[in-house]
Each structure stands twice: as C-alpha cells, then as structure tokens.
Amino acid sequence: MLENIRTTTEFIQKKIGDFRPEIGIILGTGLGALVDEIAIEFQLPYSNIPNFPISTLEFHSGKLIFGTLAGKKVVAMQGRLHYYEGYDMKQITFPVRVMKMLGIQRLFVSNASGSLNPDFKKGDLMIIADHINKQPDNPLRGRNLDGFGPRFPDMSQPYDSEMRKMGLQIAKEKQITCHEGVYVSVAGPNLETKAEYRYLRVIGGDAVGMSTVPEVIVANHMGLPVFAISVLTDEGFPEDLKPVSLDEIIQTAKSDEPKMTEILKELICRLA
C-alpha cells in the first residue's frame, strides 16, 4: 500500500510540476459541477493514474482536477468511489492518502443523501457535525501506516468545528436553508426499507448515504481537518415513504448544487 501511494504521488507530481494543492475536494453524486468554478490547470483521468481506482458509475466523471478556487490551490476528485462498486475500503480511501502526500492541508467532502429528520426537507443542505458508521469494513483495518497516523486515532471531533461554524454562518448570510446533523453511512446500493429508515433515525441519524465516512476516517487518521456537506435529495420518512429513482436523486442534487457551491466557495475564500 505504502509503495503504491508513493508511486502514484510521484507520477502525479511529474504531471503537475510545481503545483501544490492546499485543499482536497471530493465531489459526490450529481455534484460535479463545482469543477466549473475552478480555474483548471491540470486534468488527470483516473484511468491514466497508476494504482488509482476507476469509478464504475456513469454519472461520475472519474477525473482528478487541479486548479484555483476562491484564491486557493485545490485538487478535486470529480467522481468518488463506493463500497457497493466492489472496491475495498483501502481502495476507496487511496485517493485521500495521495492527496495528503501531494500537500493538502484540509479536506472538503460533499454527498447526496436522504433525510431521516422530519425537519430536514428535500432540497435542504446539511453540514455534517458527526457520523455513525454502518459500513461493513474499516479502511484502517490491517497493518497501520505509522507514517500517516496512530494505530487508534481519536474520532471525538471528526468534522472541524470552526469550519462548521463558518459554513453555517455563510448559509445564514446567503439565506440558504442549511442544517447541521448526523450522517449515517451504509453500504448500499439499495435504498432503505421503512423499518431501516426508522432504525437509522432511532439510533441518531439525520441523514443517510453510501459514502463519506471511509474518507473522513482516513483524513482523521492523517490529521486532516474535514468539512463535509450533504444535499438532501430525498426523504426517508417511514410514515409517508414514497418510491424514489436514481434519476430523481441526481436531478435534485444538480438543482440544489449551486447553493452548496456558494457555501463551499465562500468558506474556502475565508480560510486563512
């Protein structure tokens, strides 16, 4: 693993020369348009990068984008990886390790998720304050990479409190409906049953999705501050549960992405 990380990092560094990203960004389902706001300097398809997993989803582009956003040098994953695609947790989080080696100092993560909280409606945004991990494996299982972090990393503050406060303040200033809540990460790819939605709400979830937590665990292992935000694309309320299709989820994500983009751009701009 360590040798693969080094090989991949060296390959990318040769392609981007003196460019040193300060911020890493992972773009979720239907949320790839943030790339349009980046002054792009380099684009590397995943398929051209050694050891890099390739997104199997037709709605994920599968490119590593390097450029400037809100005055900061960034590297953005346009297309993320999921456990349900058949990848293991180390493959899913491999890009985060590489971004850290490239020099990022903060990680921004976005996702599309379903609301579990009746007060959080379809189309709203949710800044993630904490999470519950229901994925079937952990990216830190196996021999610890001592050069990256400790065997038993602390997870009492998985999402940076200052960035969360700034994000909520920005949303308020821009009159964007944005909540703060707990994200539950499940394996997927099926959506949940009524009983499962009820259970996830009872254990403390405000939203549910199929990503994000593996990357956040690895970021915390390496000491990277994380900001994560969800676009709530559907409502998992057992009392009034309606069928939902992937097309609806993607359409809602795309419709509400401009609000998320506005918050992310302004937050990045305000960072010292």
# chains A, B, ... in the order shown; residues from 1 in each chain; ligands from 1
call {"tool": "select_by_dssp", "arguments": {"residues": "range 171-255 of chain A", "states": "strand (DSSP E or B)", "output": "MDAnalysis selection string"}}
result
chainID A and resid 178:185 207:209 226:235
call {"tool": "residues_around", "arguments": {"residues": "Val208 in chain A", "least_positions_apart": "4", "cutoff": "6 Å", "atoms": "only C-alpha atoms", "output": "compact mmCIF listing (two decimals) with C-alpha atoms, in the first residue's frame"}}
result
# COMPACT_ATOMS: atom_id res chain seq x y z
CA SER A 113 -28.11 11.82 0.96
CA GLY A 114 -31.61 11.05 2.16
CA TYR A 183 -24.81 11.43 8.82
CA VAL A 184 -25.23 7.64 8.75
CA SER A 185 -23.10 5.80 6.19
call {"tool": "closest_residue", "arguments": {"among": "A:Arg80, A:Lys194, A:Lys254, A:Lys15", "to": "Ser211 in chain A", "atoms": "only C-alpha atoms"}}
result
A:Arg80
call {"tool": "residues_around", "arguments": {"residues": "range 221-230 of chain A", "least_positions_apart": "4", "cutoff": "9 Å", "atoms": "only C-alpha atoms", "output": "number ranges by chain"}}
result
A: 28, 97, 100, 104-114, 124-129, 140, 147-155, 158-161, 163-164, 167, 180, 183, 207, 212, 216-217, 260, 264
call {"tool": "closest_residue", "arguments": {"among": "A:Ser245, A:Thr9, A:Thr233, A:Thr261", "to": "Pro95 in chain A", "atoms": "only C-alpha atoms"}}
result
A:Thr9
call {"tool": "residues_around", "arguments": {"residues": "Asp247 in chain A", "least_positions_apart": "3", "cutoff": "12 Å", "atoms": "only C-alpha atoms", "output": "list in words"}}
result
Thr29, Gly30, Phe59, Thr233, Asp234, Pro243, Val244, Ile250, Gln251, Thr252, Ala253 and Lys254 of chain A
call {"tool": "write_last_selection", "arguments": {"atoms": "N, CA and C atoms", "output": "compact mmCIF listing (two decimals), in the first residue's frame"}}
result
# COMPACT_ATOMS: atom_id res chain seq x y z
N THR A 29 -22.34 12.36 -5.69
CA THR A 29 -23.29 12.06 -6.76
C THR A 29 -24.07 13.30 -7.18
N GLY A 30 -24.00 13.63 -8.47
CA GLY A 30 -24.73 14.77 -9.01
C GLY A 30 -24.14 16.10 -8.64
N PHE A 59 -22.46 8.31 -13.97
CA PHE A 59 -22.68 9.71 -13.61
C PHE A 59 -21.53 10.27 -12.77
N THR A 233 -31.47 14.84 -1.01
CA THR A 233 -32.13 14.62 -2.31
C THR A 233 -33.45 13.87 -2.22
N ASP A 234 -33.74 13.28 -1.06
CA ASP A 234 -35.00 12.55 -0.89
C ASP A 234 -35.29 12.47 0.60
N PRO A 243 -41.65 5.77 -3.29
CA PRO A 243 -40.54 5.27 -4.12
C PRO A 243 -39.75 6.44 -4.71
N VAL A 244 -38.45 6.25 -4.84
CA VAL A 244 -37.60 7.29 -5.44
C VAL A 244 -36.62 6.63 -6.39
N ILE A 250 -30.43 12.37 -8.65
CA ILE A 250 -29.41 13.14 -9.36
C ILE A 250 -29.95 14.50 -9.77
N GLN A 251 -31.21 14.54 -10.22
CA GLN A 251 -31.80 15.81 -10.62
C GLN A 251 -31.90 16.78 -9.45
N THR A 252 -32.30 16.27 -8.28
CA THR A 252 -32.39 17.13 -7.10
C THR A 252 -31.01 17.63 -6.70
N ALA A 253 -30.02 16.74 -6.75
CA ALA A 253 -28.65 17.13 -6.41
C ALA A 253 -28.16 18.25 -7.33
N LYS A 254 -28.42 18.10 -8.62
CA LYS A 254 -27.98 19.11 -9.59
C LYS A 254 -28.73 20.43 -9.39
call {"tool": "atom_distance", "arguments": {"atom1": "CA of Tyr46 in chain A", "atom2": "CA of Val96 in chain A"}}
result
13.5 Å
call {"tool": "residues_around", "arguments": {"residues": "Ala33 in chain A", "least_positions_apart": "4", "cutoff": "10 Å", "atoms": "only C-alpha atoms", "output": "VMD selection string"}}
result
chain A and resid 27 37 to 38 78 254 257 to 258 261
call {"tool": "closest_residue", "arguments": {"among": "A:Gly205, A:Gln13, A:Val98, A:Gly86", "to": "Leu116 in chain A", "atoms": "only C-alpha atoms"}}
result
A:Gly205
call {"tool": "select_by_dssp", "arguments": {"residues": "range 8-228 of chain A", "states": "alpha helix (DSSP H)", "output": "number ranges by chain"}}
result
A: 8-16, 89-102, 161-173, 194-202, 213-221
call {"tool": "closest_residue", "arguments": {"among": "A:Phe11, A:Tyr197, A:Tyr83, A:Phe237", "to": "Ile49 in chain A", "atoms": "only C-alpha atoms"}}
result
A:Phe11
call {"tool": "closest_residue", "arguments": {"among": "A:Met166, A:Leu246, A:Lys72, A:Gly79", "to": "Leu191 in chain A", "atoms": "only C-alpha atoms"}}
result
A:Leu246
call {"tool": "decode", "arguments": {"residues": "range 86-220 of chain A", "atoms": "C-alpha atoms", "output": "compact mmCIF listing (two decimals), in the first residue's frame"}}
result
# COMPACT_ATOMS: atom_id res chain seq x y z
CA GLY A 86 -16.90 -3.67 -5.37
CA TYR A 87 -13.91 -1.75 -4.03
CA ASP A 88 -12.46 -2.41 -0.62
CA MET A 89 -12.04 0.38 1.91
CA LYS A 90 -8.35 0.86 1.25
CA GLN A 91 -9.05 1.40 -2.46
CA ILE A 92 -11.87 3.83 -1.70
CA THR A 93 -9.63 5.92 0.55
CA PHE A 94 -6.46 5.58 -1.52
CA PRO A 95 -7.02 8.98 -3.23
CA VAL A 96 -7.22 10.72 0.17
CA ARG A 97 -3.82 9.29 1.10
CA VAL A 98 -2.40 10.51 -2.21
CA MET A 99 -3.90 14.00 -1.82
CA LYS A 100 -2.29 14.24 1.61
CA MET A 101 1.08 13.28 0.09
CA LEU A 102 0.55 15.98 -2.56
CA GLY A 103 0.32 18.55 0.23
CA ILE A 104 -3.34 19.24 1.04
CA GLN A 105 -3.99 20.75 4.47
CA ARG A 106 -7.79 20.40 4.57
CA LEU A 107 -10.38 18.07 3.04
CA PHE A 108 -13.82 19.12 1.79
CA VAL A 109 -16.39 16.40 1.08
CA SER A 110 -19.84 16.60 -0.50
CA ASN A 111 -22.52 13.98 -0.95
CA ALA A 112 -26.14 13.41 -1.85
CA SER A 113 -28.11 11.82 0.96
CA GLY A 114 -31.61 11.05 2.16
CA SER A 115 -33.19 12.94 5.05
CA LEU A 116 -34.14 10.99 8.18
CA ASN A 117 -35.11 14.07 10.19
CA PRO A 118 -38.68 15.31 9.53
CA ASP A 119 -37.44 18.88 10.00
CA PHE A 120 -34.90 18.48 7.18
CA LYS A 121 -36.65 18.60 3.79
CA LYS A 122 -35.75 17.51 0.29
CA GLY A 123 -33.59 20.20 -1.31
CA ASP A 124 -32.13 21.44 2.00
CA LEU A 125 -28.43 21.27 2.81
CA MET A 126 -26.88 19.67 5.88
CA ILE A 127 -23.42 20.33 7.27
CA ILE A 128 -22.21 17.11 8.89
CA ALA A 129 -21.42 17.52 12.59
CA ASP A 130 -20.87 13.83 13.34
CA HIS A 131 -21.45 10.42 11.81
CA ILE A 132 -22.48 6.84 12.50
CA ASN A 133 -20.55 4.22 10.55
CA LYS A 134 -22.69 1.31 9.32
CA GLN A 135 -20.26 0.30 6.56
CA PRO A 136 -19.18 -3.37 6.81
CA ASP A 137 -15.44 -2.67 6.94
CA ASN A 138 -12.98 -0.04 8.13
CA PRO A 139 -10.21 1.49 5.97
CA LEU A 140 -7.77 1.32 8.90
CA ARG A 141 -8.14 -2.46 9.35
CA GLY A 142 -4.85 -4.30 8.90
CA ARG A 143 -1.29 -3.12 9.47
CA ASN A 144 -1.19 0.54 10.50
CA LEU A 145 0.60 3.02 8.24
CA ASP A 146 2.64 4.56 11.05
CA GLY A 147 3.99 7.33 8.85
CA PHE A 148 0.45 8.66 8.34
CA GLY A 149 -1.10 8.34 11.78
CA PRO A 150 -1.60 6.36 15.00
CA ARG A 151 -2.95 2.82 15.34
CA PHE A 152 -6.00 4.08 17.28
CA PRO A 153 -6.89 7.57 16.01
CA ASP A 154 -9.23 9.74 18.06
CA MET A 155 -12.63 10.45 16.45
CA SER A 156 -14.17 12.79 19.02
CA GLN A 157 -14.11 15.68 16.51
CA PRO A 158 -14.23 14.09 13.04
CA TYR A 159 -15.52 17.31 11.42
CA ASP A 160 -13.71 20.57 12.08
CA SER A 161 -15.81 22.74 14.43
CA GLU A 162 -14.52 26.10 13.16
CA MET A 163 -15.26 25.29 9.52
CA ARG A 164 -18.71 24.03 10.52
CA LYS A 165 -19.46 27.32 12.29
CA MET A 166 -18.21 29.30 9.31
CA GLY A 167 -20.30 27.21 6.92
CA LEU A 168 -23.48 27.74 8.93
CA GLN A 169 -22.76 31.48 9.16
CA ILE A 170 -22.25 31.72 5.41
CA ALA A 171 -25.52 29.86 4.77
CA LYS A 172 -27.32 32.28 7.10
CA GLU A 173 -25.81 35.31 5.37
CA LYS A 174 -26.83 33.98 1.96
CA GLN A 175 -30.28 32.91 3.18
CA ILE A 176 -29.68 29.27 2.26
CA THR A 177 -31.56 26.64 4.25
CA CYS A 178 -28.78 24.63 5.85
CA HIS A 179 -28.95 22.38 8.90
CA GLU A 180 -26.31 20.67 10.99
CA GLY A 181 -26.71 16.99 11.75
CA VAL A 182 -25.53 13.40 11.99
CA TYR A 183 -24.81 11.43 8.82
CA VAL A 184 -25.23 7.64 8.75
CA SER A 185 -23.10 5.80 6.19
CA VAL A 186 -24.44 2.47 4.88
CA ALA A 187 -23.15 0.02 2.27
CA GLY A 188 -25.87 0.33 -0.39
CA PRO A 189 -26.56 0.22 -3.26
CA ASN A 190 -30.24 -0.35 -2.45
CA LEU A 191 -32.18 2.38 -0.72
CA GLU A 192 -33.58 1.62 2.72
CA THR A 193 -36.79 -0.09 3.80
CA LYS A 194 -39.30 1.63 6.07
CA ALA A 195 -38.01 -0.35 9.04
CA GLU A 196 -34.41 0.55 8.21
CA TYR A 197 -35.21 4.27 7.92
CA ARG A 198 -36.99 4.08 11.28
CA TYR A 199 -33.99 2.29 12.86
CA LEU A 200 -31.46 4.77 11.46
CA ARG A 201 -33.48 7.66 12.86
CA VAL A 202 -33.81 5.97 16.28
CA ILE A 203 -30.03 5.49 16.57
CA GLY A 204 -29.46 9.20 16.00
CA GLY A 205 -29.21 9.79 12.24
CA ASP A 206 -30.41 12.95 10.50
CA ALA A 207 -29.39 11.81 7.00
CA VAL A 208 -28.28 8.59 5.35
CA GLY A 209 -25.93 7.93 2.45
CA MET A 210 -23.46 5.44 1.00
CA SER A 211 -20.16 7.29 1.17
CA THR A 212 -18.09 9.92 3.01
CA VAL A 213 -17.31 8.16 6.30
CA PRO A 214 -14.42 5.97 4.99
CA GLU A 215 -12.67 9.05 3.58
CA VAL A 216 -13.30 11.01 6.79
CA ILE A 217 -11.84 8.22 8.93
CA VAL A 218 -8.66 8.19 6.86
CA ALA A 219 -8.45 12.01 6.86
CA ASN A 220 -8.68 12.00 10.67
